[in-house]
$ cat my_file-v7.txt   # compact mmCIF, C-alpha atoms
# COMPACT_ATOMS: atom_id res chain seq x y z
CA MET A 24 80.83 108.94 61.23
CA SER A 25 84.35 110.22 61.82
CA LEU A 26 85.92 110.33 65.29
CA LEU A 27 85.49 114.09 65.42
CA GLU A 28 81.81 113.77 64.49
CA PHE A 29 81.42 111.15 67.20
CA PHE A 30 83.06 113.49 69.77
CA HIS A 31 80.74 116.27 68.62
CA TRP A 32 77.74 113.98 69.02
CA LEU A 33 78.86 113.09 72.58
CA GLU A 34 79.41 116.72 73.52
CA TYR A 35 75.89 117.73 72.46
CA LEU A 36 73.98 114.89 74.07
CA PRO A 37 71.16 116.51 76.14
CA LEU A 38 72.73 115.19 79.37
CA LEU A 39 76.06 116.86 78.56
CA VAL A 40 74.41 120.14 77.63
CA THR A 41 72.67 120.09 81.03
CA MET A 42 75.98 119.28 82.74
CA ARG A 43 77.74 122.24 81.15
CA SER A 44 75.04 124.70 82.18
CA SER A 45 75.09 123.54 85.80
CA PRO A 46 77.24 125.69 88.13
CA TRP A 47 78.21 122.73 90.30
CA LEU A 48 78.04 119.47 88.32
CA PHE A 49 81.32 119.93 86.40
CA PRO A 50 83.34 121.18 89.42
CA ALA A 51 81.85 118.40 91.59
CA ILE A 52 82.94 115.71 89.13
CA ALA A 53 86.33 117.42 88.65
CA THR A 54 86.80 117.47 92.44
CA VAL A 55 86.20 113.71 92.71
CA HIS A 56 88.67 113.31 89.82
CA LEU A 57 91.24 115.37 91.76
CA LEU A 58 90.68 113.30 94.89
CA GLY A 59 91.30 110.20 92.76
CA LEU A 60 94.66 111.73 91.73
CA ALA A 61 95.65 112.09 95.40
CA ILE A 62 94.55 108.53 96.25
CA ILE A 63 96.50 107.07 93.32
CA GLY A 64 99.44 109.31 94.24
CA GLY A 65 99.58 107.88 97.76
CA ALA A 66 99.18 104.24 96.74
CA VAL A 67 101.73 104.50 93.91
CA LEU A 68 104.30 106.55 95.87
CA VAL A 69 104.42 104.20 98.86
CA VAL A 70 105.39 101.28 96.61
CA ASP A 71 107.60 103.14 94.12
CA LEU A 72 109.52 104.95 96.88
CA ARG A 73 110.12 101.57 98.52
CA LEU A 74 111.47 100.19 95.22
CA LEU A 75 113.84 103.17 95.16
CA GLY A 76 114.97 102.44 98.73
CA LEU A 77 113.02 105.37 100.17
CA GLY A 78 109.91 105.79 102.32
CA LEU A 79 108.74 102.70 104.22
CA ILE A 80 111.99 100.71 103.88
CA GLY A 81 111.12 98.62 106.94
CA GLN A 82 108.47 96.75 104.90
CA SER A 83 108.79 94.61 101.80
CA ALA A 84 107.56 96.05 98.51
CA ALA A 85 105.29 93.00 98.13
CA ARG A 86 103.58 93.69 101.45
CA LEU A 87 103.22 97.41 100.76
CA THR A 88 101.66 96.58 97.39
CA ARG A 89 99.19 94.21 99.05
CA ASP A 90 98.36 96.87 101.63
CA THR A 91 97.85 99.71 99.14
CA GLU A 92 96.28 97.83 96.23
CA PRO A 93 92.67 98.37 97.43
CA LEU A 94 93.45 102.09 97.65
CA LEU A 95 94.99 102.10 94.16
CA LEU A 96 91.89 100.38 92.76
CA VAL A 97 89.59 102.89 94.51
CA GLY A 98 91.66 105.71 93.02
CA ILE A 99 91.65 104.26 89.51
CA ALA A 100 87.90 103.54 89.75
CA SER A 101 87.09 107.11 90.81
CA MET A 102 89.21 108.43 87.94
CA LEU A 103 87.63 106.15 85.33
CA LEU A 104 84.12 106.92 86.59
CA THR A 105 84.59 110.70 86.47
CA GLY A 106 87.13 111.23 83.67
CA PRO A 107 84.84 110.32 80.74
CA TRP A 108 82.25 112.91 81.88
CA LEU A 109 84.88 115.65 82.02
CA PHE A 110 86.03 114.56 78.58
CA MET A 111 82.54 114.47 77.04
CA CYS A 112 81.80 117.99 78.31
CA PHE A 113 84.47 119.38 75.95
CA ALA A 114 85.12 116.41 73.66
CA THR A 115 85.73 118.39 70.45
CA LYS A 116 88.25 120.64 72.22
CA TYR A 117 90.21 117.61 73.45
CA TYR A 118 90.17 116.13 69.95
CA TYR A 119 92.62 118.83 68.85
CA LEU A 120 94.85 118.72 71.96
CA THR A 121 98.05 116.67 71.70
CA ALA A 122 98.25 116.62 75.51
CA PHE A 123 94.92 114.78 75.62
CA TRP A 124 96.09 111.96 73.32
CA LEU A 125 99.42 111.77 75.17
CA LYS A 126 97.53 111.51 78.44
CA LEU A 127 95.36 108.66 77.10
CA ALA A 128 98.41 106.82 75.75
CA SER A 129 100.32 107.23 79.05
CA LEU A 130 97.25 106.09 80.98
CA GLY A 131 96.91 102.93 78.90
CA ALA A 132 100.65 102.28 79.20
CA VAL A 133 100.81 102.82 82.96
CA LEU A 134 97.77 100.63 83.69
CA LEU A 135 99.22 97.83 81.58
CA PHE A 136 102.67 98.29 83.14
CA THR A 137 101.36 98.40 86.72
CA PHE A 138 99.34 95.21 86.50
CA THR A 139 101.89 93.20 84.53
CA ILE A 140 105.61 94.01 84.81
CA ARG A 141 105.49 96.12 88.01
CA ARG A 142 103.29 93.59 89.79
CA ARG A 143 105.66 90.73 88.93
CA VAL A 144 108.79 92.62 89.98
CA VAL A 145 107.20 93.76 93.25
CA ARG A 146 106.06 90.24 94.14
CA ASN A 147 109.39 88.59 93.38
CA PRO A 148 111.91 89.31 96.17
CA THR A 149 114.72 87.61 94.22
CA ILE A 150 114.71 90.46 91.69
CA ALA A 151 117.15 93.04 93.05
CA GLY A 152 119.59 95.64 91.79
CA ALA A 153 118.65 98.10 89.09
CA VAL A 154 115.43 96.42 87.89
CA PRO A 155 113.14 97.47 90.80
CA LYS A 156 114.51 101.02 90.60
CA LEU A 157 113.91 101.19 86.85
CA VAL A 158 110.37 99.90 87.38
CA ALA A 159 109.74 102.62 89.97
CA VAL A 160 111.13 105.34 87.70
CA ALA A 161 109.02 104.10 84.77
CA SER A 162 105.89 103.93 86.92
CA LEU A 163 106.41 107.41 88.41
CA SER A 164 107.24 108.97 85.01
CA LEU A 165 104.16 107.47 83.36
CA TRP A 166 101.82 108.57 86.17
CA PHE A 167 103.49 111.99 86.05
CA SER A 168 102.67 112.36 82.34
CA VAL A 169 99.08 111.26 82.96
CA ALA A 170 98.68 113.88 85.70
CA LEU A 171 100.51 116.64 83.81
CA GLY A 172 98.48 115.89 80.66
CA GLY A 173 95.33 116.13 82.77
CA ARG A 174 96.30 119.53 84.09
CA LEU A 175 97.34 120.88 80.68
CA ILE A 176 94.08 119.92 78.92
CA GLY A 177 92.07 121.72 81.61
CA PHE A 178 93.20 125.13 80.42
CA PRO A 179 91.08 127.14 78.00
CA MET B 139 88.59 147.33 104.94
CA PRO B 140 92.33 147.98 105.40
CA LEU B 141 93.31 144.39 104.57
CA LEU B 142 91.67 144.65 101.15
CA GLU B 143 93.57 147.90 100.52
CA ILE B 144 96.83 146.14 101.32
CA PHE B 145 96.01 143.38 98.82
CA GLU B 146 94.94 145.92 96.21
CA TRP B 147 98.27 147.67 96.66
CA LEU B 148 100.02 144.28 96.36
CA ALA B 149 98.07 143.55 93.16
CA ALA B 150 99.32 146.84 91.68
CA THR B 151 103.01 145.99 92.24
CA PRO B 152 104.85 145.30 88.96
CA ALA B 153 105.77 141.69 89.86
CA SER B 154 102.18 140.84 90.70
CA THR B 155 100.94 142.37 87.45
CA ALA B 156 103.62 140.51 85.50
CA LEU B 157 102.59 137.17 87.06
CA ARG B 158 98.90 137.88 86.45
CA GLU B 159 99.49 138.69 82.82
CA SER B 160 101.91 135.83 82.16
CA HIS B 161 99.78 132.91 81.07
CA TYR B 162 102.64 130.43 81.31
CA ALA B 163 103.88 131.39 84.78
CA TYR B 164 100.41 130.95 86.22
CA LEU B 165 99.99 127.67 84.33
CA ALA B 166 103.30 126.42 85.75
CA PHE B 167 102.32 127.31 89.34
CA LEU B 168 98.91 125.69 88.94
CA ALA B 169 100.42 122.52 87.44
CA THR B 170 102.96 122.37 90.29
CA HIS B 171 100.17 122.90 92.82
CA VAL B 172 98.08 120.06 91.36
CA LEU B 173 100.96 117.61 90.82
CA THR B 174 102.37 118.05 94.33
CA LEU B 175 98.84 117.39 95.60
CA ALA B 176 99.47 113.75 94.69
CA VAL B 177 102.56 113.75 96.94
CA PHE B 178 101.16 115.77 99.83
CA LEU B 179 97.56 114.51 99.99
CA GLY B 180 98.53 111.06 98.71
CA THR B 181 100.87 110.39 101.63
CA ALA B 182 98.58 112.25 104.07
CA ILE B 183 95.73 109.90 103.09
CA ILE B 184 97.95 106.85 103.80
CA VAL B 185 98.93 108.26 107.21
CA ASP B 186 95.32 109.12 108.09
CA LEU B 187 94.03 105.72 106.96
CA ARG B 188 96.68 104.07 109.15
CA LEU B 189 95.51 106.17 112.11
CA LEU B 190 91.95 105.09 111.32
CA GLY B 191 93.02 101.43 111.25
CA ILE B 192 91.80 101.06 107.65
CA SER B 193 95.07 100.63 105.74
CA MET B 194 98.53 99.16 106.52
CA SER B 195 97.26 97.95 109.89
CA ARG B 196 100.22 95.58 110.33
CA VAL B 197 102.80 98.35 109.93
CA PRO B 198 103.64 100.21 113.20
CA VAL B 199 102.11 103.71 113.23
CA SER B 200 105.45 105.26 114.21
CA GLN B 201 107.06 103.72 111.11
CA VAL B 202 104.35 105.15 108.82
CA LEU B 203 104.75 108.56 110.46
CA THR B 204 108.55 108.79 110.42
CA ARG B 205 109.00 107.33 106.93
CA LEU B 206 106.12 109.08 105.14
CA LEU B 207 105.62 112.41 106.92
CA PRO B 208 108.81 113.95 105.41
CA TRP B 209 107.20 113.39 101.99
CA THR B 210 103.91 114.83 103.24
CA THR B 211 105.57 117.98 104.60
CA GLY B 212 107.84 118.27 101.55
CA GLY B 213 104.85 118.06 99.24
CA PHE B 214 103.00 120.56 101.40
CA ALA B 215 105.90 123.01 101.26
CA VAL B 216 105.96 122.99 97.44
CA MET B 217 102.15 123.24 97.34
CA ALA B 218 102.22 126.18 99.74
CA ALA B 219 104.96 127.94 97.76
CA SER B 220 103.09 127.57 94.46
CA GLY B 221 99.91 128.60 96.27
CA VAL B 222 101.54 131.76 97.62
CA LEU B 223 102.76 132.65 94.12
CA MET B 224 99.25 132.17 92.68
CA PHE B 225 97.87 134.33 95.49
CA TYR B 226 100.49 136.96 94.75
CA ALA B 227 99.38 136.98 91.09
CA SER B 228 95.89 138.16 92.08
CA PRO B 229 95.82 138.99 95.81
CA ALA B 230 92.73 141.22 95.86
CA ASP B 231 90.63 138.79 93.76
CA LYS B 232 91.65 135.89 95.97
CA PHE B 233 91.01 137.85 99.15
CA VAL B 234 87.38 138.56 98.22
CA ASN B 235 86.85 134.98 96.96
CA LEU B 236 84.66 133.11 99.44
CA PHE B 237 85.98 129.67 98.45
CA PHE B 238 89.51 130.96 99.00
CA ARG B 239 88.56 132.32 102.44
CA ALA B 240 86.94 129.01 103.38
CA LYS B 241 90.05 127.19 102.20
CA MET B 242 92.36 129.38 104.28
CA ALA B 243 90.15 129.03 107.37
CA MET B 244 90.14 125.25 107.01
CA LEU B 245 93.91 125.21 106.44
CA GLY B 246 94.25 126.94 109.81
CA LEU B 247 91.98 124.33 111.39
CA ALA B 248 93.95 121.49 109.78
CA GLY B 249 97.20 122.95 111.10
CA LEU B 250 95.65 123.18 114.55
CA ALA B 251 94.44 119.57 114.32
CA VAL B 252 97.91 118.32 113.36
CA TRP B 253 99.50 120.35 116.17
CA LEU B 254 96.95 118.99 118.68
CA PHE B 255 97.62 115.43 117.49
CA PHE B 256 101.32 115.73 118.23
CA ARG B 257 100.70 117.55 121.52
CA THR B 258 98.23 114.98 122.83
CA VAL B 259 97.49 111.61 121.16
CA HIS B 260 100.97 111.14 119.71
CA ARG B 261 102.58 111.40 123.17
CA SER B 262 101.34 107.93 124.10
CA ILE B 263 102.17 106.33 120.73
CA ASP B 264 104.38 103.69 122.37
CA ASP B 265 101.27 102.21 124.00
CA TRP B 266 99.38 101.67 120.72
CA ASP B 267 102.08 101.74 118.03
CA ASN B 268 101.42 98.15 116.92
CA ASP B 269 97.63 98.18 117.37
CA PRO B 270 95.97 97.33 114.03
CA VAL B 271 93.24 99.79 115.03
CA PRO B 272 94.62 102.70 117.11
CA PRO B 273 92.64 104.13 120.08
CA ARG B 274 89.64 106.38 119.58
CA ALA B 275 91.57 109.65 119.97
CA ALA B 276 94.04 108.68 117.21
CA ARG B 277 91.21 107.57 114.92
CA LEU B 278 89.46 110.86 115.58
CA ALA B 279 92.64 112.78 114.65
CA GLY B 280 93.08 110.73 111.46
CA GLY B 281 89.42 111.10 110.46
CA LEU B 282 89.30 114.80 111.23
CA THR B 283 92.42 115.71 109.25
CA LEU B 284 91.31 113.50 106.32
CA LEU B 285 87.96 115.29 106.30
CA LEU B 286 89.64 118.72 106.51
CA TRP B 287 92.12 118.02 103.68
CA THR B 288 89.25 116.81 101.51
CA ALA B 289 87.19 119.91 102.27
CA ILE B 290 90.25 122.08 101.51
CA LEU B 291 90.61 120.31 98.15
CA VAL B 292 86.93 120.93 97.37
CA ALA B 293 87.17 124.63 98.32
CA GLY B 294 90.37 125.01 96.29
CA ARG B 295 88.82 123.44 93.20
CA MET B 296 85.83 125.80 93.56
CA ILE B 297 87.91 129.03 93.68
CA PRO B 298 87.49 129.71 89.91
CA TYR B 299 83.70 129.34 90.27
CA GLN B 300 83.19 132.33 92.57
CA GLN B 301 81.37 134.34 89.85
CA TYR B 302 78.94 131.51 89.09
CA TRP B 303 77.96 131.24 92.72
CA PHE B 304 78.13 134.64 94.36
CA THR B 305 77.68 137.38 91.74
$ encode --input "my_file-v7.txt" --output "structure tokens"
Amino acid sequence: MSLLEFFHWLEYLPLLVTMRSSPWLFPAIATVHLLGLAIIGGAVLVVDLRLLGLGLIGQSAARLTRDTEPLLLVGIASMLLTGPWLFMCFATKYYYLTAFWLKLASLGAVLLFTFTIRRRVVRNPTIAGAVPKLVAVASLSLWFSVALGGRLIGFP
Amino acid sequence: MPLLEIFEWLAATPASTALRESHYAYLAFLATHVLTLAVFLGTAIIVDLRLLGISMSRVPVSQVLTRLLPWTTGGFAVMAASGVLMFYASPADKFVNLFFRAKMAMLGLAGLAVWLFFRTVHRSIDDWDNDPVPPRAARLAGGLTLLLWTAILVAGRMIPYQQYWFT
């Protein structure tokens, strides 16, 4: 079975056919997905702005990360729980969209980056200068491509 | 209804027609609207959760407000501008859309709630600035606005589904 055949199989599972014919199931799941975007946006911005010397400069980046990490995890969880359903609804369409594959690649990259390099830089107050700023720019750019990719693949 | 006639006239103006027919302009406004949601609602959620005593409870409320609200209002301004442009692309359709009407009504309520917060609860902020869990009135304001923004997001996401639901 090729990847495209697999996507086709997913898209025509009885559950997915039911989902597509429902007037509220798809928008309901998409709404939770959108709310996840906002939650991630808040949690990521607070820390990345701080790394750039903006926003809550009265607090350390380490403390802000500790404070917002539960929120970030809630956001990521709501995205990962809803995203696959939105994908499976139109899996064969996404197969042909470059934006979809770019979104997946950026998502993988940003998750890896956030919980490895960014986490270490944020927790280590001795790292100063350009490094924290570069980390913030990388984090914001990657999340931006994930979000933009998400919006672009939603168009017919 | 005279208001509908005004929006129908607006829809017939050349610029409105051009926006409606330009796939890419609309796409750009919609993408801007959705991406700035992460800035506006993202920071609004942090502020509201602080008022509820759920997140960042060790950071003074005044610090969260002064350092984050400029980003919230900035994000809102860009969202509103892209929203106005999308409305201008199809004013009559939007005007008769029930999800759109609900969204606008709730936006008014949210504005009122924010105004009330600054007119009342916020006045005494010095008394509870460092409280991990702010007083009941502040929690109520945070909870109410969070609920309203969420409902506005739901209504906004449902705007394209008007035909499925009401015709």
$ residues_near_point --input "my_file-v7.txt" --point "(104.7, 137.7, 88.3)" --cutoff "12 Å" --atoms "only C-alpha atoms" --output "number ranges by chain"
B: 148-167, 220, 222-229
$ write_last_selection --input "my_file-v7.txt" --atoms "C-alpha atoms" --output "tab-separated table (two decimals), in the frame of the given file"
chain	number	residue	atom	x	y	z
B	148	LEU	CA	100.02	144.28	96.36
B	149	ALA	CA	98.07	143.55	93.16
B	150	ALA	CA	99.32	146.84	91.68
B	151	THR	CA	103.01	145.99	92.24
B	152	PRO	CA	104.85	145.30	88.96
B	153	ALA	CA	105.77	141.69	89.86
B	154	SER	CA	102.18	140.84	90.70
B	155	THR	CA	100.94	142.37	87.45
B	156	ALA	CA	103.62	140.51	85.50
B	157	LEU	CA	102.59	137.17	87.06
B	158	ARG	CA	98.90	137.88	86.45
B	159	GLU	CA	99.49	138.69	82.82
B	160	SER	CA	101.91	135.83	82.16
B	161	HIS	CA	99.78	132.91	81.07
B	162	TYR	CA	102.64	130.43	81.31
B	163	ALA	CA	103.88	131.39	84.78
B	164	TYR	CA	100.41	130.95	86.22
B	165	LEU	CA	99.99	127.67	84.33
B	166	ALA	CA	103.30	126.42	85.75
B	167	PHE	CA	102.32	127.31	89.34
B	220	SER	CA	103.09	127.57	94.46
B	222	VAL	CA	101.54	131.76	97.62
B	223	LEU	CA	102.76	132.65	94.12
B	224	MET	CA	99.25	132.17	92.68
B	225	PHE	CA	97.87	134.33	95.49
B	226	TYR	CA	100.49	136.96	94.75
B	227	ALA	CA	99.38	136.98	91.09
B	228	SER	CA	95.89	138.16	92.08
B	229	PRO	CA	95.82	138.99	95.81
$ atom_distance --input "my_file-v7.txt" --atom1 "atom CA of A:Ser101" --atom2 "atom CA of B:Ile290"
18.7 Å
$ residues_around --input "my_file-v7.txt" --residues "A:Leu87" --least-positions-apart "5" --cutoff "9 Å" --atoms "all atoms listed in the file" --output "list of chain:residue names"
A:Ala66, A:Val69, A:Val70, A:Arg73, A:Leu79, A:Gln82, A:Glu92, B:Met194
$ residues_near_point --input "my_file-v7.txt" --point "(95.0, 126.2, 77.2)" --cutoff "12 Å" --atoms "all atoms listed in the file" --output "MDAnalysis selection string"
(chainID A and resid 116:117 119:123 172:179) or (chainID B and resid 161:162 164:166)
$ atom_distance --input "my_file-v7.txt" --atom1 "atom CA of B:Ala219" --atom2 "atom CA of B:Glu146"
20.6 Å
